[in-house]
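Visitor: Sharing model.cif, mmCIF, C-alpha atoms:
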data_work
#
loop_
_atom_site.label_atom_id
_atom_site.label_comp_id
_atom_site.auth_asym_id
_atom_site.auth_seq_id
_atom_site.Cartn_x
_atom_site.Cartn_y
_atom_site.Cartn_z
CA MET A 1 33.24 -65.39 65.66
CA SER A 2 32.87 -64.39 69.28
CA GLU A 3 32.88 -60.76 70.30
CA HIS A 4 35.18 -61.71 73.14
CA GLU A 5 37.81 -63.05 70.81
CA GLY A 6 41.17 -61.26 70.88
CA GLY A 7 42.63 -59.13 73.62
CA ALA A 8 42.00 -55.65 72.22
CA ARG A 9 38.34 -54.69 72.38
CA ARG A 10 38.04 -51.36 70.65
CA SER A 11 34.83 -49.48 71.13
CA SER A 12 32.96 -48.26 68.07
CA ARG A 13 31.45 -44.78 67.78
CA GLY A 14 30.02 -45.57 64.40
CA THR A 15 28.98 -48.43 62.20
CA LEU A 16 28.27 -49.18 58.56
CA VAL A 17 25.85 -50.98 56.34
CA ILE A 18 27.91 -52.53 53.55
CA ALA A 19 26.13 -53.43 50.31
CA GLU A 20 28.70 -56.09 49.54
CA ASP A 21 27.01 -57.30 46.34
CA ARG A 22 27.63 -53.90 44.71
CA CYS A 23 31.34 -53.89 45.56
CA LYS A 24 33.88 -54.25 42.74
CA GLY A 25 36.79 -54.82 45.10
CA CYS A 26 38.82 -51.69 44.31
CA GLU A 27 40.01 -51.44 47.95
CA LEU A 28 39.96 -47.60 47.93
CA CYS A 29 38.07 -47.67 51.25
CA ILE A 30 40.78 -49.73 52.95
CA ASP A 31 43.39 -46.96 52.59
CA ALA A 32 40.87 -44.15 53.05
CA CYS A 33 39.71 -45.36 56.49
CA PRO A 34 41.46 -43.22 59.16
CA PRO A 35 41.13 -45.77 62.03
CA ARG A 36 41.94 -48.55 59.52
CA VAL A 37 39.12 -50.82 60.63
CA LEU A 38 38.13 -52.09 57.18
CA VAL A 39 39.60 -55.34 55.91
CA MET A 40 39.00 -57.18 52.65
CA SER A 41 37.00 -60.37 52.89
CA SER A 42 38.31 -63.78 51.98
CA GLU A 43 34.91 -64.64 50.48
CA LEU A 44 33.78 -63.41 47.07
CA ASN A 45 30.52 -61.63 46.32
CA GLU A 46 28.13 -62.57 43.50
CA MET A 47 30.23 -60.72 40.93
CA GLY A 48 33.37 -62.51 42.05
CA TYR A 49 35.02 -59.63 43.92
CA ARG A 50 36.30 -59.50 47.46
CA TYR A 51 34.53 -56.85 49.54
CA PRO A 52 35.31 -54.83 52.70
CA GLU A 53 34.34 -56.04 56.17
CA LEU A 54 34.12 -53.91 59.30
CA THR A 55 36.13 -54.63 62.43
CA PRO A 56 35.65 -52.77 65.75
CA GLY A 57 36.78 -49.16 66.06
CA CYS A 58 34.66 -47.35 63.44
CA THR A 59 34.27 -43.64 64.20
CA GLY A 60 31.50 -42.93 61.68
CA CYS A 61 33.68 -40.38 59.85
CA THR A 62 32.20 -41.26 56.40
CA ALA A 63 35.60 -41.34 54.64
CA CYS A 64 34.81 -44.77 53.12
CA GLN A 65 31.47 -43.54 51.81
CA MET A 66 33.11 -40.47 50.28
CA VAL A 67 35.74 -42.32 48.25
CA CYS A 68 33.64 -45.35 47.24
CA PRO A 69 32.91 -45.37 43.48
CA ASP A 70 30.25 -48.06 43.82
CA PHE A 71 28.12 -46.57 46.61
CA VAL A 72 28.66 -49.54 48.90
CA PHE A 73 28.60 -47.75 52.28
CA SER A 74 25.93 -46.25 54.46
CA VAL A 75 27.31 -44.71 57.66
CA TYR A 76 25.72 -44.43 61.12
CA ARG A 77 26.97 -42.67 64.24
CA LEU A 78 26.04 -44.42 67.45
CA THR A 79 24.55 -42.21 70.08
CA ALA A 80 26.46 -44.07 72.82
CA ALA A 81 29.76 -45.91 72.47
CA THR A 82 29.37 -49.65 72.91
CA ALA A 83 31.44 -52.76 72.83
CA PRO A 84 31.79 -54.33 69.40
CA GLY A 85 29.79 -57.25 68.13
CA ASP A 86 26.95 -57.13 70.63
CA ARG A 87 24.67 -54.46 69.33
CA ARG A 88 22.52 -56.11 66.73
CA GLY A 89 20.86 -58.51 69.10
CA MET B 1 39.48 -60.90 64.39
CA THR B 2 35.95 -59.74 65.10
CA VAL B 3 33.93 -58.90 62.02
CA ILE B 4 30.89 -56.76 62.71
CA ASP B 5 27.62 -57.65 61.01
CA THR B 6 27.00 -54.91 58.44
CA SER B 7 24.08 -56.44 56.57
CA GLN B 8 21.44 -54.45 58.48
CA PRO B 9 21.25 -50.97 60.03
CA PRO B 10 22.12 -50.97 63.74
CA SER B 11 19.25 -51.83 66.07
CA GLU B 12 20.46 -49.52 68.81
CA PRO B 13 20.15 -45.71 68.84
CA ALA B 14 22.15 -44.35 65.93
CA ARG B 15 22.00 -41.45 63.51
CA LYS B 16 22.50 -42.01 59.81
CA VAL B 17 25.19 -39.58 58.68
CA ALA B 18 25.76 -40.75 55.12
CA ASP B 19 23.53 -42.73 52.78
CA PHE B 20 24.79 -45.03 50.05
CA ARG B 21 24.09 -42.44 47.38
CA PRO B 22 22.00 -39.32 46.82
CA SER B 23 18.37 -39.91 45.86
CA LEU B 24 19.10 -38.39 42.43
CA LEU B 25 21.20 -41.45 41.60
CA LEU B 26 18.73 -44.04 40.48
CA GLY B 27 20.84 -47.12 39.96
CA GLU B 28 24.20 -48.70 39.54
CA HIS B 29 26.80 -47.98 36.91
CA SER B 30 29.02 -50.37 35.03
CA LEU B 31 32.30 -48.47 35.16
CA CYS B 32 35.57 -50.17 36.11
CA PRO B 33 36.62 -50.88 39.72
CA GLY B 34 38.42 -47.88 41.23
CA CYS B 35 37.05 -45.35 38.74
CA GLY B 36 36.91 -41.79 40.08
CA GLU B 37 34.08 -40.54 37.91
CA PRO B 38 31.15 -41.95 39.95
CA VAL B 39 32.52 -40.13 43.01
CA ALA B 40 32.59 -36.86 41.08
CA LEU B 41 29.03 -37.50 39.89
CA ARG B 42 27.88 -38.19 43.44
CA VAL B 43 29.23 -34.92 44.84
CA LEU B 44 27.84 -33.00 41.88
CA LEU B 45 24.35 -34.38 42.52
CA GLU B 46 24.69 -33.70 46.24
CA VAL B 47 25.49 -30.06 45.47
CA LEU B 48 22.44 -29.74 43.19
CA GLN B 49 20.28 -31.13 45.98
CA GLU B 50 21.79 -28.93 48.67
CA LEU B 51 21.30 -25.81 46.53
CA ASP B 52 17.72 -26.98 45.82
CA ILE B 53 18.03 -26.33 42.08
CA VAL B 54 17.39 -29.85 40.77
CA GLN B 55 14.06 -28.96 39.17
CA ARG B 56 15.63 -26.18 37.12
CA THR B 57 18.94 -27.80 36.28
CA ILE B 58 19.89 -29.00 32.80
CA GLY B 59 23.05 -31.00 32.28
CA VAL B 60 24.95 -31.28 29.02
CA VAL B 61 27.30 -34.23 28.68
CA GLY B 62 29.99 -34.93 26.15
CA HIS B 63 31.26 -38.34 25.16
CA GLY B 64 33.14 -40.57 27.55
CA CYS B 65 32.62 -43.22 30.19
CA TYR B 66 30.52 -40.72 32.18
CA GLY B 67 27.97 -40.84 29.34
CA SER B 68 26.54 -43.93 31.01
CA PHE B 69 25.51 -41.74 33.97
CA VAL B 70 22.75 -40.31 31.79
CA ARG B 71 20.78 -43.48 32.48
CA ILE B 72 21.10 -43.31 36.25
CA MET B 73 20.91 -39.62 37.15
CA ASP B 74 17.53 -38.03 37.80
CA VAL B 75 18.47 -34.74 36.16
CA ASP B 76 17.48 -33.45 32.71
CA VAL B 77 20.40 -34.13 30.40
CA LEU B 78 21.30 -33.39 26.80
CA GLN B 79 24.02 -35.45 25.19
CA CYS B 80 25.66 -33.55 22.38
CA LEU B 81 28.47 -33.91 19.85
CA HIS B 82 31.95 -34.72 21.08
CA GLY B 83 33.46 -31.62 22.71
CA ARG B 84 30.55 -29.31 21.94
CA ALA B 85 28.90 -29.33 25.36
CA PRO B 86 29.80 -25.70 26.28
CA ALA B 87 28.31 -24.51 22.96
CA CYS B 88 25.05 -26.42 23.57
CA ALA B 89 25.00 -25.23 27.17
CA THR B 90 25.39 -21.65 25.95
CA GLY B 91 22.29 -22.02 23.81
CA ILE B 92 20.26 -23.58 26.61
CA LYS B 93 21.28 -20.93 29.12
CA ARG B 94 20.50 -18.04 26.77
CA VAL B 95 17.05 -19.40 25.98
CA ARG B 96 16.33 -20.45 29.57
CA PRO B 97 18.30 -18.01 31.76
CA ASP B 98 16.35 -19.17 34.82
CA CYS B 99 17.91 -22.63 34.56
CA ALA B 100 21.16 -23.80 36.08
CA VAL B 101 23.14 -25.31 33.23
CA PHE B 102 26.21 -27.46 33.64
CA THR B 103 28.37 -29.54 31.35
CA MET B 104 30.13 -32.76 32.26
CA GLN B 105 33.08 -33.54 30.03
CA GLY B 106 36.22 -35.60 30.13
CA ASP B 107 39.69 -34.38 29.29
CA GLY B 108 39.55 -35.98 25.86
CA ASP B 109 36.22 -34.29 25.23
CA MET B 110 37.18 -30.87 26.55
CA ALA B 111 40.92 -30.63 25.82
CA ASN B 112 41.12 -32.55 22.53
CA GLU B 113 37.78 -32.35 20.81
CA GLY B 114 36.33 -29.20 22.22
CA LEU B 115 39.05 -26.89 23.50
CA GLN B 116 37.72 -24.09 21.31
CA GLU B 117 34.19 -24.42 22.68
CA VAL B 118 35.17 -24.18 26.32
CA LEU B 119 37.64 -21.34 25.79
CA HIS B 120 35.17 -19.27 23.79
CA ALA B 121 32.34 -19.94 26.26
CA ALA B 122 34.65 -18.80 29.07
CA ALA B 123 35.84 -15.74 27.16
CA ARG B 124 32.23 -14.73 26.49
CA GLY B 125 31.51 -15.10 30.18
CA GLU B 126 28.61 -17.48 29.58
CA LYS B 127 26.79 -18.09 32.85
CA ILE B 128 27.26 -21.84 32.79
CA THR B 129 29.27 -24.29 34.90
CA CYS B 130 31.63 -26.69 33.16
CA VAL B 131 32.85 -29.78 34.99
CA LEU B 132 35.98 -31.38 33.57
CA LEU B 133 36.65 -34.95 34.68
CA ASN B 134 40.38 -35.20 33.98
CA ASN B 135 41.93 -38.67 34.08
CA GLY B 136 44.51 -38.18 31.34
CA VAL B 137 43.19 -40.86 28.98
CA PHE B 138 40.45 -41.45 26.43
CA GLY B 139 38.94 -44.08 28.72
CA ASP B 140 35.80 -44.82 26.73
CA THR B 141 37.65 -45.65 23.51
CA GLY B 142 40.29 -47.83 25.13
CA GLY B 143 42.80 -45.62 26.90
CA GLN B 144 44.57 -43.49 24.30
CA LEU B 145 46.69 -40.44 25.09
CA THR B 146 44.84 -37.11 25.40
CA ALA B 147 46.06 -33.54 25.33
CA ALA B 148 45.87 -33.56 29.14
CA THR B 149 47.98 -36.71 29.65
CA VAL B 150 50.89 -35.70 31.90
CA LEU B 151 54.51 -36.19 30.88
CA GLY B 152 55.74 -39.69 31.61
CA GLN B 153 52.24 -41.18 31.82
CA ARG B 154 51.79 -44.49 30.05
CA THR B 155 48.72 -44.89 27.87
CA LYS B 156 47.78 -47.33 25.11
CA THR B 157 49.28 -44.94 22.55
CA SER B 158 52.29 -43.88 24.65
CA LEU B 159 53.43 -47.16 26.13
CA GLU B 160 56.85 -45.77 27.05
CA GLY B 161 55.24 -42.78 28.75
CA ARG B 162 54.35 -39.38 27.30
CA ASP B 163 57.46 -37.77 25.88
CA ALA B 164 57.49 -34.03 25.22
CA GLU B 165 59.69 -34.49 22.13
CA THR B 166 57.24 -36.89 20.48
CA HIS B 167 53.85 -36.06 21.97
CA GLY B 168 54.24 -32.46 23.07
CA TYR B 169 53.32 -30.98 26.42
CA PRO B 170 50.00 -31.41 28.26
CA ILE B 171 47.36 -28.67 28.07
CA PRO B 172 46.26 -27.42 31.51
CA VAL B 173 42.67 -26.51 30.64
CA ALA B 174 41.78 -24.92 33.99
CA ASP B 175 44.84 -22.67 33.80
CA LEU B 176 43.95 -21.57 30.27
CA VAL B 177 40.37 -20.77 31.30
CA ALA B 178 41.55 -18.98 34.45
CA GLY B 179 43.47 -16.55 32.24
CA LEU B 180 40.27 -15.34 30.57
CA ARG B 181 38.35 -12.36 31.96
CA GLY B 182 34.96 -13.97 31.42
CA ALA B 183 35.79 -16.75 33.86
CA ALA B 184 34.45 -15.87 37.31
CA TYR B 185 35.29 -19.08 39.13
CA VAL B 186 37.90 -21.67 38.16
CA ALA B 187 39.11 -24.40 40.49
CA ARG B 188 40.82 -27.76 40.38
CA GLY B 189 39.94 -30.58 42.75
CA ALA B 190 40.42 -34.33 42.93
CA VAL B 191 38.58 -37.40 44.18
CA SER B 192 41.60 -39.39 45.35
CA THR B 193 41.08 -38.95 49.11
CA ALA B 194 38.15 -38.18 51.39
CA GLY B 195 39.59 -34.73 52.09
CA ALA B 196 39.97 -34.01 48.38
CA VAL B 197 36.39 -35.16 47.73
CA ALA B 198 35.10 -32.76 50.40
CA GLN B 199 37.16 -29.93 48.91
CA THR B 200 35.89 -30.75 45.41
CA LYS B 201 32.32 -30.62 46.66
CA ARG B 202 32.91 -27.13 48.08
CA MET B 203 34.37 -26.07 44.73
CA LEU B 204 31.35 -27.36 42.82
CA ARG B 205 29.06 -25.54 45.21
CA ARG B 206 30.92 -22.26 44.70
CA ALA B 207 30.87 -22.79 40.92
CA PHE B 208 27.08 -23.17 40.91
CA GLU B 209 26.69 -20.22 43.27
CA THR B 210 28.76 -18.17 40.83
CA GLN B 211 26.43 -19.15 38.00
CA LEU B 212 23.27 -18.49 40.00
CA ALA B 213 24.57 -15.05 40.95
CA GLY B 214 25.11 -14.30 37.26
CA ALA B 215 28.77 -13.49 37.80
CA GLY B 216 30.10 -15.30 34.74
CA PHE B 217 31.60 -18.55 33.55
CA SER B 218 32.66 -21.19 36.06
CA LEU B 219 34.74 -24.32 35.62
CA VAL B 220 35.76 -27.06 38.03
CA GLU B 221 38.42 -29.48 36.86
CA ILE B 222 38.30 -32.74 38.83
CA LEU B 223 41.23 -35.13 38.68
CA THR B 224 39.76 -38.65 38.62
CA MET B 225 41.35 -42.07 38.80
CA CYS B 226 41.43 -44.37 35.78
CA PRO B 227 43.40 -47.39 37.00
CA THR B 228 42.44 -49.34 33.87
CA GLY B 229 43.89 -46.67 31.60
CA TRP B 230 46.92 -46.09 33.83
CA PHE B 231 47.87 -49.79 34.01
CA VAL B 232 47.85 -49.75 37.82
CA PRO B 233 45.84 -51.86 40.31
CA ALA B 234 42.61 -50.15 41.38
CA SER B 235 43.87 -49.68 44.94
CA GLU B 236 46.94 -47.76 43.70
CA GLY B 237 44.93 -45.26 41.67
CA PRO B 238 44.85 -42.49 44.31
CA GLY B 239 48.58 -42.82 44.96
CA TYR B 240 49.36 -42.64 41.25
CA LEU B 241 47.11 -39.60 40.91
CA GLY B 242 48.94 -37.85 43.75
CA ASP B 243 52.38 -38.70 42.40
CA SER B 244 51.80 -37.81 38.76
CA MET B 245 48.72 -35.75 37.95
CA GLU B 246 48.64 -33.62 41.07
CA GLN B 247 52.27 -32.64 40.48
CA ALA B 248 51.41 -31.35 37.01
CA TYR B 249 48.00 -29.98 37.95
CA PRO B 250 48.13 -28.46 41.46
CA LEU B 251 44.81 -28.46 43.31
CA GLY B 252 43.11 -25.29 44.45
CA GLU B 253 41.07 -22.31 43.34
CA LEU B 254 42.56 -20.46 40.37
CA THR B 255 39.97 -17.72 39.99
CA THR B 256 37.41 -16.78 42.60
CA TRP B 257 34.58 -14.36 42.41
CA ARG B 258 33.26 -12.74 45.53
CA HIS B 259 30.00 -10.93 46.20
#
The structure given in the file should be rewritten as structure tokens.
Guide:
Amino acid sequence: MSEHEGGARRSSRGTLVIAEDRCKGCELCIDACPPRVLVMSSELNEMGYRYPELTPGCTGCTACQMVCPDFVFSVYRLTAATAPGDRRG
Amino acid sequence: MTVIDTSQPPSEPARKVADFRPSLLLGEHSLCPGCGEPVALRVLLEVLQELDIVQRTIGVVGHGCYGSFVRIMDVDVLQCLHGRAPACATGIKRVRPDCAVFTMQGDGDMANEGLQEVLHAAARGEKITCVLLNNGVFGDTGGQLTAATVLGQRTKTSLEGRDAETHGYPIPVADLVAGLRGAAYVARGAVSTAGAVAQTKRMLRRAFETQLAGAGFSLVEILTMCPTGWFVPASEGPGYLGDSMEQAYPLGELTTWRH
């Protein structure tokens, strides 16, 4: 998917590393996320569960990491706000 | 919709603010999706690390789903008879007063099997910290009703919901303990929302500080989700907890000890 897709380009102040293979698909993070930037995948992981995916707008608040029973999230705060999708080279 | 690549840490300048899990957690658990107990375990281990007492901490666990944590937590642990954790913890603390001793018990373990042990330990003012993971069911044995199941809650042995006429009223363990003079710190938290998790962590920290100061018995009751035992989808666990358990067991500090 292109980072230019869609009209609304929300900047991200934070980002995540998601260990999707550990996820059991409980979806607690979806409701816990204040900016509501997590969505469940359409793909399944190795265990057969859907897992969360990050869309632009993360603030690095750590709410997902705090409620996750399966330790799926690692949270980073970016030192400068950037446009989504173009920061991992 | 743009999906951001989250397989690797960001390559640009960034500060890690939260790791997957504390270093004291060695591996993965096999509990159900949406279970609240691993979250409670995580904050407990974070508190032990922050207080820098890991090397002199001894945990005592009862019997329940959380028993599987023994394999993945890098803390010395004794697993004892069902409900007897506060009695074992009493012995450990009296022989090794320099240690921080905590128990981890479920509501079936503490309210059904071992109500006497926890009440007597609290009344004696034993300098231990008891952690009650309250989800209102005997999760490990299949989801039967416990003494802490709230009225109206469906379990495998109360399919129509707990009825006071048939099953009696729930026992609020933290409130009982808070009424005893030996209890220096009693609080009730939850792990249903990020805010509640942060509050629960503060409570656990105060409970251990109470023990380390030698002020008396401390207990933190933590309401945890058990969507499997509650017959609700995993994603609806926190909402169910807020609507049912939190109404019967209000969150907050019941007894606080100050320097």
Visitor: Taking the file as I've supplied it (selection: the PyMOL selection byres ((chain A) within 6 of (chain B))), which residues are included? Please answer as a PyMOL selection string.
Guide: chain A and resi 16-18+24+26-28+54-55+63+66-67+69+71+73-79+85+88
Visitor: Would you please work out which residue, of A:Glu53, A:Arg13, A:Gly48, A:Cys58, is nearest to A:Cys33 when using all atoms listed in the file?
Guide: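 Of the candidates, the smallest distance to A:Cys33 is held by A:Cys58.
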Visitor: Name the residues that the PyMOL selection byres ((chain B and resi 121) around 10) pulls out of this structure, and write them as a ChimeraX atom specification.
Guide: /B:86-87,89-90,116-120,122-128,130,177,182-183,216-218
Visitor: For the PyMOL selection byres ((chain B and resi 148-158) around 8), applied here, can you spell out every residue it catches as JSON, numbers by chain?
Guide: {"B": [107, 108, 111, 134, 135, 136, 137, 142, 143, 144, 145, 146, 147, 159, 160, 161, 162, 163, 164, 169, 170, 171, 172, 173, 229, 230, 231, 244, 245, 248]}
Visitor: Could you list, as JSON, numbers by chain, every residue within 12 Å of A:Glu43, counting all atoms listed in the file and ignoring same-chain residues fewer than 3 positions away?
Guide: {"A": [20, 21, 25, 39, 40, 46, 47, 48, 49, 50, 51, 52, 53]}
Visitor: Can those selected residues be exported to a file as a compact mmCIF listing (two decimals), in the coordinates of the input so that it contains C-alpha atoms?
Guide:
# COMPACT_ATOMS: atom_id res chain seq x y z
CA GLU A 20 28.70 -56.09 49.54
CA ASP A 21 27.01 -57.30 46.34
CA GLY A 25 36.79 -54.82 45.10
CA VAL A 39 39.60 -55.34 55.91
CA MET A 40 39.00 -57.18 52.65
CA GLU A 46 28.13 -62.57 43.50
CA MET A 47 30.23 -60.72 40.93
CA GLY A 48 33.37 -62.51 42.05
CA TYR A 49 35.02 -59.63 43.92
CA ARG A 50 36.30 -59.50 47.46
CA TYR A 51 34.53 -56.85 49.54
CA PRO A 52 35.31 -54.83 52.70
CA GLU A 53 34.34 -56.04 56.17
Visitor: Mind checking which residues fall within 7 Å of stretch 96-99 of chain B, counting only C-alpha atoms, ignoring those fewer than 3 positions away in the same chain, and posting them as a list of chain:residue names?
Guide: B:Arg56, B:Thr57, B:Ile58, B:Ile92, B:Lys93
Visitor: Just to confirm, what's the straight-line distance from atom CA of B:Met110 to atom CA of A:Asp70 in Å (one decimal)?
Guide: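 Computed distance, atom CA of B:Met110 to atom CA of A:Asp70, equals 25.3 Å.
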Visitor: Work out how far apart atom CA of B:Ala215 and atom CA of B:Thr256 are and give it in Å to one decimal.
Guide: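 About the pair atom CA of B:Ala215 and atom CA of B:Thr256: they are 10.4 Å apart.
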Visitor: Using all atoms listed in the file for the distances, tell me which of A:Leu38, A:Ala80, A:Cys29, A:Leu44 is nearest to A:Ser11.
Guide: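 Nearest to A:Ser11: A:Ala80.
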